[in-house]
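Undergrad: Sharing work-v7.txt, compact mmCIF, C-alpha atoms:
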```
# COMPACT_ATOMS: atom_id res chain seq x y z
CA MET G 1 88.93 122.96 76.71
CA THR G 2 88.72 119.46 78.16
CA THR G 3 90.28 118.51 81.46
CA ARG G 4 90.81 115.14 83.07
CA LEU G 5 89.50 114.98 86.62
CA ARG G 6 90.57 112.40 89.16
CA TYR G 7 88.96 111.65 92.50
CA PHE G 8 90.40 109.82 95.49
CA ALA G 9 89.21 108.26 98.76
CA TRP G 10 85.75 109.45 99.88
CA VAL G 11 85.55 112.06 97.14
CA ARG G 12 85.86 109.18 94.64
CA GLU G 13 83.26 107.13 96.50
CA ARG G 14 80.76 109.99 96.64
CA VAL G 15 81.20 111.00 92.99
CA GLY G 16 80.97 107.32 92.07
CA LYS G 17 83.92 107.17 89.68
CA PRO G 18 87.70 107.47 89.88
CA GLU G 19 88.08 109.80 86.91
CA GLU G 20 86.36 111.53 84.03
CA VAL G 21 86.97 114.05 81.28
CA ILE G 22 84.95 117.25 81.52
CA GLU G 23 84.54 120.49 79.66
CA ALA G 24 84.06 123.27 82.18
CA PRO G 25 82.09 126.37 81.17
CA ALA G 26 84.19 129.38 80.17
CA GLY G 27 83.35 131.27 83.37
CA VAL G 28 84.99 128.59 85.54
CA ARG G 29 88.53 129.84 86.03
CA THR G 30 89.82 128.55 89.37
CA VAL G 31 89.90 125.31 91.33
CA GLY G 32 87.34 126.77 93.75
CA GLU G 33 85.00 127.75 90.92
CA LEU G 34 85.41 124.30 89.40
CA MET G 35 84.34 122.69 92.70
CA ALA G 36 81.28 124.95 92.84
CA TRP G 37 80.39 124.02 89.24
CA LEU G 38 80.92 120.31 89.90
CA ALA G 39 78.65 120.52 92.96
CA SER G 40 75.85 121.66 90.65
CA ARG G 41 76.13 118.62 88.37
CA GLY G 42 73.96 116.26 90.41
CA GLU G 43 73.24 114.73 93.76
CA GLU G 44 76.43 112.67 93.99
CA TYR G 45 78.57 115.70 93.12
CA ALA G 46 76.64 117.91 95.53
CA HIS G 47 77.38 115.36 98.26
CA ALA G 48 81.07 115.05 97.35
CA PHE G 49 81.61 118.82 97.23
CA GLU G 50 79.16 119.89 99.96
CA ASN G 51 82.05 121.18 102.08
CA PRO G 52 84.70 122.44 99.64
CA ASN G 53 86.85 123.77 102.50
CA VAL G 54 87.90 120.25 103.46
CA ILE G 55 88.71 119.13 99.92
CA ARG G 56 92.28 119.38 98.65
CA ALA G 57 93.23 119.72 95.02
CA ALA G 58 96.21 119.07 92.77
CA ILE G 59 96.87 120.31 89.25
CA ASP G 60 99.14 118.09 87.18
CA GLN G 61 100.15 116.26 90.35
CA ARG G 62 101.11 119.28 92.45
CA HIS G 63 99.15 120.61 95.41
CA VAL G 64 97.30 123.85 94.70
CA ARG G 65 95.06 126.27 96.57
CA PRO G 66 91.41 126.93 95.62
CA ASP G 67 92.37 130.21 93.93
CA ALA G 68 94.73 128.44 91.51
CA SER G 69 93.94 128.93 87.82
CA ILE G 70 92.80 125.85 85.91
CA LYS G 71 93.67 127.41 82.55
CA GLU G 72 96.75 125.30 81.80
CA ALA G 73 95.62 122.22 83.72
CA GLY G 74 95.81 118.84 82.04
CA GLU G 75 94.76 116.83 85.07
CA ILE G 76 93.00 118.08 88.20
CA ALA G 77 92.58 115.85 91.23
CA PHE G 78 90.28 116.26 94.22
CA PHE G 79 90.75 114.40 97.48
CA PRO G 80 90.34 114.63 101.26
CA PRO G 81 93.20 115.76 103.52
CA MET G 82 95.93 113.16 103.35
CA THR G 83 96.39 110.46 105.96
CA GLY G 84 99.47 108.53 104.86
CA GLY G 85 102.62 107.72 106.80
CA MET D 1 123.14 111.82 97.85
CA LYS D 2 121.66 108.41 97.27
CA ALA D 3 117.85 108.69 97.25
CA THR D 4 115.46 105.79 96.87
CA VAL D 5 111.66 106.04 96.94
CA ARG D 6 109.63 102.89 96.64
CA LEU D 7 105.86 102.51 96.71
CA GLN D 8 104.73 98.92 96.87
CA ARG D 9 101.90 96.64 97.85
CA GLU D 10 104.17 93.94 99.32
CA PRO D 11 105.55 93.88 102.86
CA PHE D 12 109.22 94.79 103.20
CA ASP D 13 112.14 93.87 105.44
CA ALA D 14 113.09 97.08 107.25
CA ALA D 15 116.51 95.78 108.32
CA ALA D 16 117.39 94.75 104.75
CA VAL D 17 116.27 98.12 103.34
CA THR D 18 118.40 99.92 105.93
CA ALA D 19 121.44 97.74 105.18
CA GLU D 20 121.10 98.53 101.45
CA LEU D 21 121.65 102.21 102.17
CA THR D 22 124.93 101.79 104.05
CA ARG D 23 126.45 98.65 102.56
CA GLY D 24 130.07 99.15 101.50
CA ARG D 25 130.22 102.77 102.68
CA THR D 26 132.52 104.30 105.27
CA ASP D 27 131.31 107.91 105.06
CA VAL D 28 128.06 107.27 106.94
CA GLY D 29 128.34 107.85 110.67
CA ALA D 30 124.65 107.95 111.57
CA VAL D 31 121.52 106.20 110.36
CA VAL D 32 118.05 106.95 111.65
CA THR D 33 115.17 104.69 110.74
CA PHE D 34 111.51 105.33 111.39
CA ALA D 35 108.98 102.59 110.83
CA GLY D 36 105.25 103.27 110.90
CA ILE D 37 103.39 100.12 111.89
CA CYS D 38 99.72 99.21 111.56
CA ARG D 39 98.17 99.17 115.06
CA GLY D 40 95.45 96.72 116.01
CA ASP D 41 93.15 99.51 117.20
CA GLU D 42 91.92 102.89 116.01
CA ARG D 43 90.47 105.20 118.66
CA GLY D 44 90.05 102.30 121.06
CA GLU D 45 88.24 100.09 118.53
CA PRO D 46 89.89 96.87 117.35
CA ILE D 47 90.55 96.87 113.60
CA ALA D 48 90.93 94.04 111.08
CA ALA D 49 93.10 95.94 108.61
CA LEU D 50 94.01 99.27 107.02
CA THR D 51 93.67 99.85 103.30
CA LEU D 52 95.81 102.59 101.81
CA GLU D 53 94.73 104.31 98.62
CA TYR D 54 97.22 106.55 96.83
CA TYR D 55 97.63 108.78 93.81
CA PRO D 56 100.09 106.97 91.53
CA GLY D 57 102.57 109.39 89.99
CA MET D 58 101.87 112.25 92.35
CA ALA D 59 102.78 110.22 95.43
CA GLU D 60 106.22 109.41 94.04
CA ALA D 61 106.73 112.98 92.79
CA GLU D 62 105.63 114.55 96.07
CA ILE D 63 107.88 112.30 98.17
CA GLU D 64 110.83 112.92 95.84
CA ARG D 65 110.28 116.69 96.11
CA HIS D 66 110.46 116.44 99.90
CA VAL D 67 113.56 114.23 99.80
CA LYS D 68 115.23 116.90 97.65
CA GLU D 69 114.05 119.58 100.08
CA ALA D 70 115.50 117.59 103.01
CA ALA D 71 118.83 117.35 101.16
CA THR D 72 118.98 121.14 100.85
CA ARG D 73 118.37 121.56 104.58
CA TRP D 74 120.71 118.93 106.02
CA PRO D 75 124.01 117.32 104.94
CA LEU D 76 122.53 113.94 104.08
CA LEU D 77 124.40 111.04 102.53
CA GLY D 78 121.36 108.93 101.75
CA VAL D 79 117.59 108.66 102.09
CA THR D 80 115.36 105.67 101.50
CA ILE D 81 111.58 105.81 101.77
CA VAL D 82 109.34 102.80 101.35
CA HIS D 83 105.57 103.30 101.57
CA ARG D 84 103.06 100.52 101.17
CA HIS D 85 99.58 100.74 99.69
CA GLY D 86 96.73 98.26 99.55
CA ARG D 87 95.59 96.15 102.49
CA ILE D 88 97.82 96.06 105.56
CA VAL D 89 97.06 94.02 108.68
CA PRO D 90 97.97 94.93 112.29
CA GLY D 91 101.63 94.33 113.09
CA GLU D 92 102.81 94.94 109.53
CA ASP D 93 104.97 97.90 108.50
CA ILE D 94 103.25 100.69 106.55
CA VAL D 95 106.12 103.08 105.97
CA LEU D 96 109.87 103.19 106.44
CA VAL D 97 112.05 106.29 106.39
CA VAL D 98 115.82 105.82 106.53
CA THR D 99 118.18 108.79 106.63
CA ALA D 100 121.97 108.59 106.62
CA SER D 101 124.47 111.30 107.44
CA SER D 102 127.94 111.74 108.90
CA HIS D 103 126.48 112.82 112.22
CA ARG D 104 123.26 112.13 114.07
CA GLU D 105 121.68 115.61 114.15
CA ALA D 106 121.02 115.74 110.42
CA ALA D 107 119.80 112.15 110.28
CA PHE D 108 117.34 112.64 113.17
CA ALA D 109 116.02 115.98 111.92
CA ALA D 110 115.62 114.84 108.30
CA ALA D 111 113.76 111.67 109.31
CA GLU D 112 111.33 113.71 111.39
CA PHE D 113 110.88 116.30 108.64
CA LEU D 114 110.19 113.62 106.04
CA MET D 115 107.67 111.80 108.23
CA ASP D 116 105.82 115.01 109.08
CA TYR D 117 105.54 115.80 105.38
CA LEU D 118 104.55 112.27 104.42
CA LYS D 119 101.67 112.49 106.89
CA THR D 120 100.25 115.74 105.57
CA ARG D 121 101.41 116.14 101.94
CA ALA D 122 101.93 112.75 100.35
CA PRO D 123 98.69 111.70 98.61
CA PHE D 124 97.79 108.60 100.61
CA TRP D 125 94.48 107.91 102.35
CA LYS D 126 93.87 105.32 105.04
CA GLN D 127 90.68 103.38 105.36
CA VAL D 128 90.03 101.37 108.52
CA GLU D 129 88.35 98.00 108.29
CA THR D 130 86.45 96.81 111.37
CA THR D 131 83.76 94.19 111.91
CA SER D 132 81.13 96.91 111.34
CA GLY D 133 82.52 98.07 107.97
CA LYS D 134 85.03 100.45 106.43
CA THR D 135 85.62 104.09 107.35
CA TRP D 136 88.11 106.70 106.13
CA VAL D 137 90.58 107.95 108.70
CA ASP D 138 90.26 111.69 109.41
CA ALA D 139 93.34 113.84 109.14
CA THR D 140 94.47 115.08 112.54
CA ALA D 141 95.22 118.67 113.47
CA ALA D 142 98.27 117.39 115.38
CA ASP D 143 99.84 116.20 112.11
CA ASP D 144 99.28 119.63 110.54
CA VAL D 145 100.91 121.29 113.54
CA ALA D 146 103.87 118.91 113.31
CA ALA D 147 104.36 119.69 109.62
CA ALA D 148 103.85 123.45 110.07
CA ARG D 149 106.85 123.79 112.39
CA TRP D 150 109.18 123.10 109.44
CA THR D 151 107.53 125.84 107.39
CA ALA D 152 107.69 128.29 110.28
CA ARG D 153 111.48 128.00 110.17
CA ARG D 154 111.44 129.34 106.63
CA PRO D 155 109.27 132.47 106.70
CA GLY D 156 107.52 133.51 103.53
CA ARG D 157 107.17 130.05 102.04
CA GLU D 158 103.81 129.01 100.74
CA ALA D 159 102.29 126.05 102.55
CA ALA D 160 100.82 124.79 99.29
CA GLU D 161 103.92 125.30 97.17
```
Step by step, read the file and then write its structure as structure tokens.
TA:
Amino acid sequence: MTTRLRYFAWVRERVGKPEEVIEAPAGVRTVGELMAWLASRGEEYAHAFENPNVIRAAIDQRHVRPDASIKEAGEIAFFPPMTGG
Amino acid sequence: MKATVRLQREPFDAAAVTAELTRGRTDVGAVVTFAGICRGDERGEPIAALTLEYYPGMAEAEIERHVKEAATRWPLLGVTIVHRHGRIVPGEDIVLVVTASSHREAAFAAAEFLMDYLKTRAPFWKQVETTSGKTWVDATAADDVAAARWTARRPGREAAE
């Protein structure tokens, strides 16, 4: 199953791209597991996801927790805590 | 309830946006406006500008969800939110929240609720530009505390709903 990933702010800068389409291994079931898998994909990913506790995620444009299932996800976004307003 | 959410790169006229919400109406008895303005310093350091990045699509959806939530909590007659993105220089408006109601309590409370949520839930990220380069603004614990008080009033709700 392919999923579109989007990155924002310093997560985007560290990964080095705003978005990509990936195919996660079958064992990767949650947002937290996806972050751990991404961190293993290379130096830039390891840097971006070195502290997963501070990274927020959204599935199909809604905030989710790390234990959220990625099974039905079309688009998953990763970003730092928000600083708008 | 009349709800308007606008995300834009261009500066806006806060007074004109406010007037739009109440023009021709006689049911509105209270309007509260909050404007967030770009300061010329960040943690004591002078800044040249702020650049706001956002998540197109989700930002609109997230703000609209919170406007709807505000309308279930208070008897509102109208809400307008304008949030800028891109480069913003000191002295310019970043965000405007306008709430209208028959009486002031609802308008005040809803404006505060919406701002607290915008700060912590709307997918925007500020980058500060100084003479020594660009740095991302860290989220503050104070903003999380401000937003959490609205959740505390509704026990059992998920923070990441």
Undergrad: Can you work out which one of G:Gly84, G:Ser40, G:Val15, G:Pro66 has the shortest atom-to-atom distance to Leu114 of chain D, counting all atoms listed in the file?
TA: G:Gly84
Undergrad: Could the residues of chain D that have an atom at most 9 Å from chain G be listed as a tab-separated table, each with its closest atom pair and the distance in Å to one decimal, counting all atoms listed in the file and ordered by chain and ascending residue number?
TA:
```
residue	atom	partner	partner_atom	distance
D:Gly36	CA	G:Gly85	CA	6.6
D:Leu52	CA	G:Gly84	CA	7.6
D:Glu53	CA	G:Ala9	CA	6.8
D:Tyr54	CA	G:Phe8	CA	7.7
D:Tyr55	CA	G:Phe8	CA	7.5
D:Gly57	CA	G:Gln61	CA	7.3
D:Met58	CA	G:Gln61	CA	4.8
D:Ala59	CA	G:Gln61	CA	8.3
D:Ala61	CA	G:Gln61	CA	7.7
D:Glu62	CA	G:Arg62	CA	7.5
D:His83	CA	G:Gly85	CA	7.5
D:Ile94	CA	G:Gly85	CA	7.1
D:Val95	CA	G:Gly85	CA	5.9
D:Leu96	CA	G:Gly85	CA	8.6
D:Met115	CA	G:Gly85	CA	6.6
D:Asp116	CA	G:Gly85	CA	8.3
D:Tyr117	CA	G:Gly85	CA	8.7
D:Leu118	CA	G:Gly85	CA	5.5
D:Lys119	CA	G:Gly85	CA	4.9
D:Thr120	CA	G:Met82	CA	5.5
D:Arg121	CA	G:Met82	CA	6.4
D:Ala122	CA	G:Gly84	CA	6.6
D:Pro123	CA	G:Met82	CA	5.7
D:Phe124	CA	G:Gly84	CA	4.6
D:Trp125	CA	G:Thr83	CA	4.8
D:Lys126	CA	G:Thr83	CA	5.8
D:Gln127	CA	G:Ala9	CA	8.3
D:Trp136	CA	G:Trp10	CA	7.2
D:Val137	CA	G:Thr83	CA	6.9
D:Asp138	CA	G:Thr83	CA	7.1
D:Ala139	CA	G:Thr83	CA	5.6
D:Thr140	CA	G:Thr83	CA	8.3
D:Ala160	CA	G:Val64	CA	5.9
D:Glu161	CA	G:His63	CA	6.9
```
Undergrad: Have a look at D:Thr51, D:Thr80, D:Thr72, D:Thr22 and name the one nearest to Leu7 of chain D; count only C-alpha atoms.
TA: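 Of the candidates, the smallest distance to Leu7 of chain D is held by D:Thr80.
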Undergrad: Compile the contact shell of Val31 of chain G as number ranges by chain: residues with an atom at most 8 Å away, counting all atoms listed in the file, same-chain residues fewer than 3 positions apart removed.
TA: G: 34-35, 57, 65-70
Undergrad: For the selection you just gave me, I'd like the residues written to a file as a PDB file, in the frame of the given file, keeping C-alpha atoms.
TA:
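Written out: part_2.pdb:
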```
ATOM      1  CA  LEU G  34      85.410 124.300  89.400  1.00  0.00           C
ATOM      2  CA  MET G  35      84.340 122.690  92.700  1.00  0.00           C
ATOM      3  CA  ALA G  57      93.230 119.720  95.020  1.00  0.00           C
ATOM      4  CA  ARG G  65      95.060 126.270  96.570  1.00  0.00           C
ATOM      5  CA  PRO G  66      91.410 126.930  95.620  1.00  0.00           C
ATOM      6  CA  ASP G  67      92.370 130.210  93.930  1.00  0.00           C
ATOM      7  CA  ALA G  68      94.730 128.440  91.510  1.00  0.00           C
ATOM      8  CA  SER G  69      93.940 128.930  87.820  1.00  0.00           C
ATOM      9  CA  ILE G  70      92.800 125.850  85.910  1.00  0.00           C
TER      10      ILE G  70
END
```
Undergrad: Just the number, please: distance in Å from atom CA of Leu21 of chain D to atom CA of Val79 of chain D, one decimal.
TA: 7.6 Å
Undergrad: Atom CA of Ala24 of chain G and atom CA of Pro56 of chain D are how many Å apart?
TA: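 Separation between atom CA of Ala24 of chain G and atom CA of Pro56 of chain D: 24.7 Å.
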Undergrad: From the options G:Ala48, G:Leu5, G:Ala73, G:Ile55, which residue's atoms come nearest to Glu19 of chain G, counting only C-alpha atoms?
TA: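 Residue with the minimum atom-to-atom distance to Glu19 of chain G: G:Leu5.
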Undergrad: Between G:Arg56, G:Arg4, G:Lys17, G:Lys71, which is the closest to Glu44 of chain G once you count all atoms listed in the file?
TA: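 Closest to Glu44 of chain G, using all atoms listed in the file: G:Lys17.
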Undergrad: At a cut-off of 8 Å from (89.7, 117.4, 79.5) in the coordinates of the file, what residues are picked up using only C-alpha atoms, written as a list of chain:residue names?
TA: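 Output of the proximity query reads G:Met1, G:Thr2, G:Thr3, G:Arg4, G:Leu5, G:Val21, G:Ile22, G:Glu23, G:Gly74, G:Glu75.
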Undergrad: State, in Å with one decimal place, the distance from atom CA of Thr99 of chain D to atom CA of Thr33 of chain D.
TA: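 Spanning atom CA of Thr99 of chain D to atom CA of Thr33 of chain D is a straight-line distance of 6.5 Å.
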